[in-house]
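Reproduced below: work-v4.cif, with mmCIF, C-alpha atoms; chains and numbers go by the auth columns.
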```
data_input
loop_
_atom_site.group_PDB
_atom_site.id
_atom_site.type_symbol
_atom_site.label_atom_id
_atom_site.label_comp_id
_atom_site.label_asym_id
_atom_site.label_seq_id
_atom_site.Cartn_x
_atom_site.Cartn_y
_atom_site.Cartn_z
_atom_site.B_iso_or_equiv
_atom_site.auth_seq_id
_atom_site.auth_asym_id
ATOM 1 C CA MET A 1 0.000 0.000 0.000 0.00 1 X
ATOM 2 C CA PRO A 2 1.574 3.341 -0.999 0.00 2 X
ATOM 3 C CA VAL A 3 2.276 5.811 1.796 0.00 3 X
ATOM 4 C CA PRO A 4 0.230 9.011 1.366 0.00 4 X
ATOM 5 C CA THR A 5 2.157 12.270 1.230 0.00 5 X
ATOM 6 C CA THR A 6 1.242 15.921 1.589 0.00 6 X
ATOM 7 C CA PRO A 7 2.000 18.386 -1.247 0.00 7 X
ATOM 8 C CA ILE A 8 4.860 20.723 -0.378 0.00 8 X
ATOM 9 C CA GLY A 9 3.004 23.927 -1.268 0.00 9 X
ATOM 10 C CA ARG A 10 4.191 27.432 -0.370 0.00 10 X
ATOM 11 C CA VAL A 11 7.341 27.328 1.759 0.00 11 X
ATOM 12 C CA LEU A 12 8.942 30.388 3.346 0.00 12 X
ATOM 13 C CA VAL A 13 12.702 29.828 3.765 0.00 13 X
ATOM 14 C CA THR A 14 14.854 32.159 5.837 0.00 14 X
ATOM 15 C CA GLY A 15 18.497 32.183 4.793 0.00 15 X
ATOM 16 C CA GLY A 16 17.364 30.838 1.429 0.00 16 X
ATOM 17 C CA ALA A 17 20.018 32.560 -0.660 0.00 17 X
ATOM 18 C CA SER A 18 22.936 30.344 0.355 0.00 18 X
ATOM 19 C CA GLY A 19 24.041 27.190 2.126 0.00 19 X
ATOM 20 C CA LEU A 20 21.362 24.939 3.541 0.00 20 X
ATOM 21 C CA GLY A 21 18.657 27.495 2.763 0.00 21 X
ATOM 22 C CA ALA A 22 19.538 27.508 -0.920 0.00 22 X
ATOM 23 C CA ALA A 23 19.516 23.697 -0.942 0.00 23 X
ATOM 24 C CA VAL A 24 16.032 23.785 0.629 0.00 24 X
ATOM 25 C CA VAL A 25 14.829 26.243 -2.034 0.00 25 X
ATOM 26 C CA ALA A 26 16.112 23.911 -4.770 0.00 26 X
ATOM 27 C CA ALA A 27 14.527 20.865 -3.114 0.00 27 X
ATOM 28 C CA VAL A 28 11.171 22.609 -2.648 0.00 28 X
ATOM 29 C CA THR A 29 11.192 23.639 -6.317 0.00 29 X
ATOM 30 C CA GLU A 30 12.072 20.117 -7.437 0.00 30 X
ATOM 31 C CA ALA A 31 9.253 18.720 -5.289 0.00 31 X
ATOM 32 C CA GLY A 32 6.740 20.980 -7.017 0.00 32 X
ATOM 33 C CA GLY A 33 6.458 23.532 -4.216 0.00 33 X
ATOM 34 C CA THR A 34 6.800 27.301 -4.235 0.00 34 X
ATOM 35 C CA PRO A 35 9.771 28.635 -2.248 0.00 35 X
ATOM 36 C CA ILE A 36 9.719 32.167 -0.817 0.00 36 X
ATOM 37 C CA VAL A 37 13.087 33.495 0.373 0.00 37 X
ATOM 38 C CA LEU A 38 13.896 35.888 3.185 0.00 38 X
ATOM 39 C CA ASP A 39 17.599 36.671 3.419 0.00 39 X
ATOM 40 C CA LEU A 40 19.947 39.545 4.111 0.00 40 X
ATOM 41 C CA ARG A 41 21.250 39.434 0.519 0.00 41 X
ATOM 42 C CA ILE A 42 19.190 37.950 -2.279 0.00 42 X
ATOM 43 C CA ASP A 43 21.326 38.492 -5.411 0.00 43 X
ATOM 44 C CA ALA A 44 22.150 34.755 -5.561 0.00 44 X
ATOM 45 C CA VAL A 45 18.518 33.617 -5.419 0.00 45 X
ATOM 46 C CA PRO A 46 17.490 31.911 -8.687 0.00 46 X
ATOM 47 C CA ASP A 47 15.419 33.892 -11.149 0.00 47 X
ATOM 48 C CA GLY A 48 11.714 33.360 -10.707 0.00 48 X
ATOM 49 C CA VAL A 49 11.918 32.710 -6.963 0.00 49 X
ATOM 50 C CA ASP A 50 10.143 35.278 -4.790 0.00 50 X
ATOM 51 C CA ALA A 51 12.829 36.793 -2.544 0.00 51 X
ATOM 52 C CA VAL A 52 12.865 39.663 -0.052 0.00 52 X
ATOM 53 C CA ALA A 53 15.968 41.233 1.501 0.00 53 X
ATOM 54 C CA VAL A 54 15.496 41.353 5.258 0.00 54 X
ATOM 55 C CA ASP A 55 17.608 41.019 8.390 0.00 55 X
ATOM 56 C CA VAL A 56 15.907 38.260 10.371 0.00 56 X
ATOM 57 C CA SER A 57 17.206 39.765 13.616 0.00 57 X
ATOM 58 C CA ASP A 58 14.942 42.786 12.944 0.00 58 X
ATOM 59 C CA THR A 59 11.623 41.547 14.297 0.00 59 X
ATOM 60 C CA ASP A 60 9.544 44.384 12.855 0.00 60 X
ATOM 61 C CA ALA A 61 11.053 43.893 9.401 0.00 61 X
ATOM 62 C CA VAL A 62 10.429 40.142 9.582 0.00 62 X
ATOM 63 C CA GLU A 63 6.797 40.658 10.544 0.00 63 X
ATOM 64 C CA ARG A 64 6.278 42.982 7.585 0.00 64 X
ATOM 65 C CA ALA A 65 8.059 40.674 5.151 0.00 65 X
ATOM 66 C CA VAL A 66 6.100 37.614 6.262 0.00 66 X
ATOM 67 C CA ALA A 67 2.766 39.442 6.148 0.00 67 X
ATOM 68 C CA GLU A 68 3.509 40.686 2.631 0.00 68 X
ATOM 69 C CA ALA A 69 4.574 37.199 1.493 0.00 69 X
ATOM 70 C CA VAL A 70 1.348 35.723 2.855 0.00 70 X
ATOM 71 C CA GLU A 71 -0.641 38.344 0.979 0.00 71 X
ATOM 72 C CA ARG A 72 1.242 37.822 -2.291 0.00 72 X
ATOM 73 C CA HIS A 73 0.858 34.041 -2.221 0.00 73 X
ATOM 74 C CA GLY A 74 -2.549 33.776 -0.615 0.00 74 X
ATOM 75 C CA GLY A 75 -1.206 31.956 2.427 0.00 75 X
ATOM 76 C CA LEU A 76 1.619 29.661 3.524 0.00 76 X
ATOM 77 C CA ASP A 77 1.992 25.911 3.916 0.00 77 X
ATOM 78 C CA ALA A 78 5.361 25.767 5.661 0.00 78 X
ATOM 79 C CA VAL A 79 8.247 27.740 7.125 0.00 79 X
ATOM 80 C CA VAL A 80 11.874 26.574 7.214 0.00 80 X
ATOM 81 C CA THR A 81 14.123 28.724 9.402 0.00 81 X
ATOM 82 C CA ALA A 82 17.551 28.109 7.881 0.00 82 X
ATOM 83 C CA ALA A 83 19.126 31.533 8.542 0.00 83 X
ATOM 84 C CA GLY A 84 22.116 31.256 10.848 0.00 84 X
ATOM 85 C CA ILE A 85 25.473 32.859 11.647 0.00 85 X
ATOM 86 C CA ASP A 86 28.454 32.228 13.902 0.00 86 X
ATOM 87 C CA THR A 87 31.715 33.912 14.918 0.00 87 X
ATOM 88 C CA PRO A 88 33.717 31.423 16.982 0.00 88 X
ATOM 89 C CA ALA A 89 35.808 32.988 19.741 0.00 89 X
ATOM 90 C CA PRO A 90 36.463 32.650 23.460 0.00 90 X
ATOM 91 C CA ILE A 91 33.716 34.337 25.436 0.00 91 X
ATOM 92 C CA ASP A 92 36.119 36.997 26.697 0.00 92 X
ATOM 93 C CA ALA A 93 37.372 37.724 23.168 0.00 93 X
ATOM 94 C CA ILE A 94 34.066 38.265 21.374 0.00 94 X
ATOM 95 C CA SER A 95 32.318 41.623 21.640 0.00 95 X
ATOM 96 C CA SER A 96 28.950 41.782 23.348 0.00 96 X
ATOM 97 C CA GLY A 97 27.487 43.089 20.089 0.00 97 X
ATOM 98 C CA ASN A 98 28.697 40.085 18.078 0.00 98 X
ATOM 99 C CA TRP A 99 27.615 37.640 20.786 0.00 99 X
ATOM 100 C CA GLU A 100 24.135 39.114 20.890 0.00 100 X
ATOM 101 C CA LYS A 101 23.882 39.289 17.077 0.00 101 X
ATOM 102 C CA ILE A 102 24.469 35.531 16.800 0.00 102 X
ATOM 103 C CA VAL A 103 21.662 34.872 19.269 0.00 103 X
ATOM 104 C CA ALA A 104 19.439 37.461 17.571 0.00 104 X
ATOM 105 C CA VAL A 105 19.783 35.890 14.117 0.00 105 X
ATOM 106 C CA ASN A 106 19.731 32.243 15.131 0.00 106 X
ATOM 107 C CA LEU A 107 17.166 32.225 17.936 0.00 107 X
ATOM 108 C CA ILE A 108 15.195 35.475 17.849 0.00 108 X
ATOM 109 C CA GLY A 109 15.049 35.328 14.039 0.00 109 X
ATOM 110 C CA THR A 110 13.637 31.814 14.217 0.00 110 X
ATOM 111 C CA ALA A 111 11.000 32.749 16.780 0.00 111 X
ATOM 112 C CA SER A 112 9.955 36.014 15.116 0.00 112 X
ATOM 113 C CA THR A 113 9.552 34.346 11.717 0.00 113 X
ATOM 114 C CA VAL A 114 7.440 31.548 13.148 0.00 114 X
ATOM 115 C CA ARG A 115 5.363 33.934 15.229 0.00 115 X
ATOM 116 C CA ALA A 116 4.651 36.125 12.216 0.00 116 X
ATOM 117 C CA ALA A 117 3.737 33.124 10.052 0.00 117 X
ATOM 118 C CA LEU A 118 1.671 31.259 12.630 0.00 118 X
ATOM 119 C CA PRO A 119 -1.812 32.546 11.682 0.00 119 X
ATOM 120 C CA ALA A 120 -1.228 31.584 8.034 0.00 120 X
ATOM 121 C CA LEU A 121 0.144 28.180 9.022 0.00 121 X
ATOM 122 C CA GLU A 122 -2.764 27.469 11.343 0.00 122 X
ATOM 123 C CA ALA A 123 -5.159 28.271 8.494 0.00 123 X
ATOM 124 C CA THR A 124 -3.577 25.542 6.345 0.00 124 X
ATOM 125 C CA HIS A 125 -2.564 23.111 9.130 0.00 125 X
ATOM 126 C CA GLY A 126 0.944 23.850 7.891 0.00 126 X
ATOM 127 C CA ARG A 127 4.367 22.914 9.170 0.00 127 X
ATOM 128 C CA VAL A 128 7.420 24.546 10.722 0.00 128 X
ATOM 129 C CA VAL A 129 10.932 23.154 10.296 0.00 129 X
ATOM 130 C CA THR A 130 13.535 24.751 12.539 0.00 130 X
ATOM 131 C CA ILE A 131 17.279 24.188 12.186 0.00 131 X
ATOM 132 C CA SER A 132 19.367 23.703 15.275 0.00 132 X
ATOM 133 C CA SER A 133 22.735 21.907 15.223 0.00 133 X
ATOM 134 C CA SER A 134 24.698 19.023 16.643 0.00 134 X
ATOM 135 C CA LEU A 135 26.010 21.784 18.933 0.00 135 X
ATOM 136 C CA ALA A 136 22.496 21.935 20.364 0.00 136 X
ATOM 137 C CA LEU A 137 23.218 18.465 21.745 0.00 137 X
ATOM 138 C CA ARG A 138 26.645 19.211 23.163 0.00 138 X
ATOM 139 C CA GLY A 139 28.298 22.609 23.511 0.00 139 X
ATOM 140 C CA VAL A 140 31.931 23.245 22.602 0.00 140 X
ATOM 141 C CA GLY A 141 34.464 25.836 23.631 0.00 141 X
ATOM 142 C CA HIS A 142 34.663 29.079 21.655 0.00 142 X
ATOM 143 C CA GLY A 143 31.028 28.592 20.667 0.00 143 X
ATOM 144 C CA THR A 144 29.055 29.952 23.612 0.00 144 X
ATOM 145 C CA ALA A 145 26.791 32.201 21.541 0.00 145 X
ATOM 146 C CA TYR A 146 26.177 29.655 18.794 0.00 146 X
ATOM 147 C CA SER A 147 25.508 26.775 21.177 0.00 147 X
ATOM 148 C CA ALA A 148 23.285 28.957 23.363 0.00 148 X
ATOM 149 C CA SER A 149 21.261 30.015 20.331 0.00 149 X
ATOM 150 C CA LYS A 150 20.933 26.494 18.940 0.00 150 X
ATOM 151 C CA PHE A 151 20.051 24.955 22.303 0.00 151 X
ATOM 152 C CA GLY A 152 17.430 27.706 22.400 0.00 152 X
ATOM 153 C CA VAL A 153 16.102 26.794 18.963 0.00 153 X
ATOM 154 C CA ARG A 154 15.735 23.178 20.039 0.00 154 X
ATOM 155 C CA GLY A 155 13.903 24.147 23.224 0.00 155 X
ATOM 156 C CA PHE A 156 11.731 26.617 21.336 0.00 156 X
ATOM 157 C CA SER A 157 10.818 23.893 18.848 0.00 157 X
ATOM 158 C CA GLN A 158 9.805 21.435 21.554 0.00 158 X
ATOM 159 C CA ALA A 159 7.663 24.051 23.293 0.00 159 X
ATOM 160 C CA LEU A 160 6.106 25.150 19.996 0.00 160 X
ATOM 161 C CA ALA A 161 5.251 21.558 19.095 0.00 161 X
ATOM 162 C CA ALA A 162 3.490 21.114 22.428 0.00 162 X
ATOM 163 C CA GLU A 163 1.656 24.418 22.123 0.00 163 X
ATOM 164 C CA THR A 164 0.442 23.947 18.549 0.00 164 X
ATOM 165 C CA ALA A 165 -0.137 20.170 18.575 0.00 165 X
ATOM 166 C CA GLY A 166 -2.903 19.255 16.163 0.00 166 X
ATOM 167 C CA ARG A 167 -2.817 22.689 14.507 0.00 167 X
ATOM 168 C CA VAL A 168 0.724 23.087 13.140 0.00 168 X
ATOM 169 C CA GLY A 169 3.401 20.457 12.609 0.00 169 X
ATOM 170 C CA VAL A 170 6.833 21.205 14.090 0.00 170 X
ATOM 171 C CA THR A 171 10.100 19.469 13.216 0.00 171 X
ATOM 172 C CA ASN A 172 13.521 20.375 14.571 0.00 172 X
ATOM 173 C CA VAL A 173 16.364 19.321 12.266 0.00 173 X
ATOM 174 C CA ILE A 174 19.762 18.771 13.891 0.00 174 X
ATOM 175 C CA PRO A 175 22.507 18.737 11.254 0.00 175 X
ATOM 176 C CA ALA A 176 26.201 18.353 11.878 0.00 176 X
ATOM 177 C CA GLY A 177 28.685 20.440 9.888 0.00 177 X
ATOM 178 C CA MET A 178 27.767 20.905 6.240 0.00 178 X
ATOM 179 C CA ARG A 179 29.881 21.580 3.168 0.00 179 X
ATOM 180 C CA THR A 180 28.782 25.190 2.675 0.00 180 X
ATOM 181 C CA ASN A 181 30.244 28.698 2.793 0.00 181 X
ATOM 182 C CA PHE A 182 29.245 28.918 6.456 0.00 182 X
ATOM 183 C CA PHE A 183 32.928 28.573 7.368 0.00 183 X
ATOM 184 C CA ALA A 184 34.317 30.846 4.630 0.00 184 X
ATOM 185 C CA ASP A 185 34.814 34.017 6.679 0.00 185 X
ATOM 186 C CA ARG A 186 36.439 32.321 9.646 0.00 186 X
ATOM 187 C CA THR A 187 40.088 32.517 10.557 0.00 187 X
ATOM 188 C CA GLU A 188 42.064 29.376 9.719 0.00 188 X
ATOM 189 C CA GLN A 189 41.893 28.292 13.350 0.00 189 X
ATOM 190 C CA TYR A 190 38.137 27.806 13.041 0.00 190 X
ATOM 191 C CA LYS A 191 37.854 26.439 9.508 0.00 191 X
ATOM 192 C CA PRO A 192 37.282 22.713 8.967 0.00 192 X
ATOM 193 C CA GLY A 193 40.475 20.911 8.071 0.00 193 X
ATOM 194 C CA PRO A 194 40.982 18.902 4.877 0.00 194 X
ATOM 195 C CA ASP A 195 39.875 15.720 6.646 0.00 195 X
ATOM 196 C CA ALA A 196 36.819 17.269 8.284 0.00 196 X
ATOM 197 C CA GLN A 197 33.669 15.168 8.231 0.00 197 X
ATOM 198 C CA LEU A 198 31.052 17.315 6.518 0.00 198 X
ATOM 199 C CA ILE A 199 27.752 16.443 4.897 0.00 199 X
ATOM 200 C CA GLU A 200 26.243 17.925 1.777 0.00 200 X
ATOM 201 C CA PRO A 201 23.455 20.461 2.416 0.00 201 X
ATOM 202 C CA GLU A 202 21.332 18.628 -0.149 0.00 202 X
ATOM 203 C CA TYR A 203 21.184 15.637 2.209 0.00 203 X
ATOM 204 C CA VAL A 204 19.703 17.806 4.946 0.00 204 X
ATOM 205 C CA ALA A 205 17.356 19.518 2.472 0.00 205 X
ATOM 206 C CA ASN A 206 16.044 16.113 1.368 0.00 206 X
ATOM 207 C CA SER A 207 15.283 15.280 4.992 0.00 207 X
ATOM 208 C CA ILE A 208 13.404 18.557 5.356 0.00 208 X
ATOM 209 C CA ILE A 209 11.284 17.700 2.316 0.00 209 X
ATOM 210 C CA PHE A 210 10.596 14.317 3.914 0.00 210 X
ATOM 211 C CA ALA A 211 9.334 16.051 7.066 0.00 211 X
ATOM 212 C CA LEU A 212 7.228 18.521 5.085 0.00 212 X
ATOM 213 C CA SER A 213 5.586 15.792 3.019 0.00 213 X
ATOM 214 C CA GLN A 214 4.324 13.641 5.885 0.00 214 X
ATOM 215 C CA PRO A 215 0.621 12.790 5.688 0.00 215 X
ATOM 216 C CA ALA A 216 -1.828 14.783 7.772 0.00 216 X
ATOM 217 C CA GLY A 217 -1.781 13.738 11.403 0.00 217 X
ATOM 218 C CA CYS A 218 1.786 12.371 11.260 0.00 218 X
ATOM 219 C CA GLU A 219 4.634 14.475 12.630 0.00 219 X
ATOM 220 C CA ILE A 220 8.396 14.049 12.681 0.00 220 X
ATOM 221 C CA ARG A 221 9.445 15.950 15.773 0.00 221 X
ATOM 222 C CA GLU A 222 13.214 15.740 15.447 0.00 222 X
ATOM 223 C CA LEU A 223 15.773 14.598 12.869 0.00 223 X
ATOM 224 C CA SER A 224 19.543 14.308 13.393 0.00 224 X
ATOM 225 C CA ILE A 225 21.623 14.159 10.212 0.00 225 X
ATOM 226 C CA MET A 226 25.371 13.674 10.302 0.00 226 X
ATOM 227 C CA PRO A 227 28.266 11.583 9.038 0.00 227 X
ATOM 228 C CA ALA A 228 28.341 7.979 10.225 0.00 228 X
ATOM 229 C CA THR A 229 31.404 8.701 12.374 0.00 229 X
ATOM 230 C CA GLU A 230 30.387 12.182 13.558 0.00 230 X
ATOM 231 C CA PRO A 231 32.391 12.881 16.774 0.00 231 X
ATOM 232 C CA SER A 232 30.057 15.550 18.219 0.00 232 X
ATOM 233 C CA TRP A 233 27.105 13.175 18.680 0.00 233 X
ATOM 234 C CA PRO A 234 25.513 12.455 21.068 0.00 234 X
#
```
Could you show the structure in this file as structure tokens?
Amino acid sequence: MPVPTTPIGRVLVTGGASGLGAAVVAAVTEAGGTPIVLDLRIDAVPDGVDAVAVDVSDTDAVERAVAEAVERHGGLDAVVTAAGIDTPAPIDAISSGNWEKIVAVNLIGTASTVRAALPALEATHGRVVTISSSLALRGVGHGTAYSASKFGVRGFSQALAAETAGRVGVTNVIPAGMRTNFFADRTEQYKPGPDAQLIEPEYVANSIIFALSQPAGCEIRELSIMPATEPSWP
């Protein structure tokens, strides 16, 4: 007996211009859905994809951008919060502004996007996919802001799932390091070495599509995706 699936539909993707977000946009398109991108810079977004330049740490701007996207597309079926940043450094060597910006983008940006989209998602019994990290399972040195934000995303996702059960589906995806430009601006000390175990963002994007396409009434609450010999798990 074939397993029923749900059409992907209209999917708002934060951070959709690069990295995992861009892979999600490509996967949504391939699955027959309609991606809608919110990102700080949108010049790399493929032609024909609706994209809005917005800083997800600016709650007011996010609320406006989401409301306008809902109006343009007549609603939403899903949100994927893939926007994320990091600046690794010892806690006494990172400025308070940079520390707080990491938390603002990764955690506050996730929450503000979901909050703004929630009425539209409830109208369609839609889904939310949040992105935390293997560093939401175990913190590491020189990553206090990033780990704090990603632990927060995981906790937020669990609370949201409990609060919206039966109305909105919530999945938290926990990827390990991915082969993206996420590490490009780091000093050599914090870049993955030549033997680093990284996964392709397309693998994670495929898992997100899997979560989004579950039949009504079935929810995947959490997915961990990493190399078979990933050292940071559990």
**Q.** Ground truth for the PyMOL selection byres ((chain X and resi 88) around 6), written as a list in words
**A.** Thr87, Ala89, His142 and Gly143 of chain X
**Q.** Computed interatomic separation between atom CA of X:Leu76 and atom CA of X:Val11 (Å)
**A.** 6.4 Å
**Q.** Selection dump of the PyMOL selection byres ((chain X and resi 130) around 6), as an NGL selection string
**A.** :X and (80-81 or 129 or 131 or 172)
(Q) Rounded to one decimal, what separation in Å do you get between atom CA of X:Ser213 and atom CA of X:Thr124? (A)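 Atom CA of X:Ser213 sits 13.8 Å away from atom CA of X:Thr124.
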**Q.** Within 8 Å of stretch 23-26 of chain X using all atoms listed in the file, minus same-chain residues under 6 positions, as a PyMOL selection string
**A.** chain X and resi 13+16+35-37+201-202+205-206+208-209
Q. Which value, in Å to one decimal, gives the distance between atom CA of X:Ala162 and atom CA of X:Ser224?
A. 19.6 Å
**Q.** Chain and number of each residue from the PyMOL selection byres ((chain X and resi 40) around 8), as a ChimeraX atom specification
**A.** /X:15,38-39,41-42,53-56
Q.
Counting all atoms listed in the file, which residue out of X:Ala17, X:Cys218, X:Leu121, X:Leu107 sits closest to X:Asp86?
A.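 The closest residue to X:Asp86 is X:Leu107.
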Q: Could you tell me which of X:Gly166, X:Gly177, X:Gly217, X:Pro90 comes closest to X:Leu135 if we count all atoms listed in the file?
A: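 Selected residue with least distance to X:Leu135: X:Gly177.
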Taking the block above, write stretch 160-177 of chain X with N, CA, C and O atoms as a short mmCIF file (atom, residue, chain, number, x, y, z; two decimals), in the first residue's frame.
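As written to disk, decode00.cif reads:
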```
data_model
loop_
_atom_site.label_atom_id
_atom_site.label_comp_id
_atom_site.auth_asym_id
_atom_site.auth_seq_id
_atom_site.Cartn_x
_atom_site.Cartn_y
_atom_site.Cartn_z
N LEU X 160 7.05 24.81 21.06
CA LEU X 160 6.11 25.15 20.00
C LEU X 160 5.30 23.93 19.57
O LEU X 160 4.09 24.03 19.34
N ALA X 161 5.95 22.79 19.47
CA ALA X 161 5.25 21.56 19.10
C ALA X 161 4.17 21.22 20.11
O ALA X 161 3.06 20.81 19.75
N ALA X 162 4.48 21.39 21.38
CA ALA X 162 3.49 21.11 22.43
C ALA X 162 2.34 22.10 22.36
O ALA X 162 1.16 21.73 22.51
N GLU X 163 2.67 23.36 22.12
CA GLU X 163 1.66 24.42 22.12
C GLU X 163 0.72 24.34 20.93
O GLU X 163 -0.47 24.66 21.03
N THR X 164 1.24 23.92 19.79
CA THR X 164 0.44 23.95 18.55
C THR X 164 0.03 22.55 18.09
O THR X 164 -0.40 22.37 16.95
N ALA X 165 0.17 21.55 18.95
CA ALA X 165 -0.14 20.17 18.58
C ALA X 165 -1.55 20.06 18.01
O ALA X 165 -2.51 20.55 18.58
N GLY X 166 -1.63 19.43 16.83
CA GLY X 166 -2.90 19.26 16.16
C GLY X 166 -3.28 20.41 15.25
O GLY X 166 -4.22 20.29 14.47
N ARG X 167 -2.53 21.53 15.35
CA ARG X 167 -2.82 22.69 14.51
C ARG X 167 -1.70 22.97 13.52
O ARG X 167 -1.94 23.30 12.37
N VAL X 168 -0.46 22.83 13.98
CA VAL X 168 0.72 23.09 13.14
C VAL X 168 1.75 22.00 13.44
O VAL X 168 2.00 21.68 14.61
N GLY X 169 2.34 21.44 12.41
CA GLY X 169 3.40 20.46 12.61
C GLY X 169 4.73 21.14 12.86
O GLY X 169 5.03 22.18 12.26
N VAL X 170 5.53 20.61 13.76
CA VAL X 170 6.83 21.21 14.09
C VAL X 170 7.90 20.13 14.07
O VAL X 170 7.78 19.10 14.75
N THR X 171 8.94 20.37 13.29
CA THR X 171 10.10 19.47 13.22
C THR X 171 11.37 20.26 13.47
O THR X 171 11.59 21.31 12.85
N ASN X 172 12.20 19.78 14.38
CA ASN X 172 13.52 20.38 14.57
C ASN X 172 14.56 19.48 13.90
O ASN X 172 14.63 18.29 14.19
N VAL X 173 15.31 20.05 12.97
CA VAL X 173 16.36 19.32 12.27
C VAL X 173 17.70 19.66 12.92
O VAL X 173 18.02 20.83 13.15
N ILE X 174 18.48 18.62 13.19
CA ILE X 174 19.76 18.77 13.89
C ILE X 174 20.88 18.29 12.98
O ILE X 174 21.25 17.11 12.99
N PRO X 175 21.42 19.16 12.13
CA PRO X 175 22.51 18.74 11.25
C PRO X 175 23.87 18.94 11.91
O PRO X 175 24.06 19.85 12.72
N ALA X 176 24.80 18.10 11.55
CA ALA X 176 26.20 18.35 11.88
C ALA X 176 26.77 19.31 10.82
O ALA X 176 26.03 19.87 10.01
N GLY X 177 28.07 19.51 10.82
CA GLY X 177 28.68 20.44 9.89
C GLY X 177 28.40 20.08 8.44
O GLY X 177 28.47 18.91 8.05
#
```
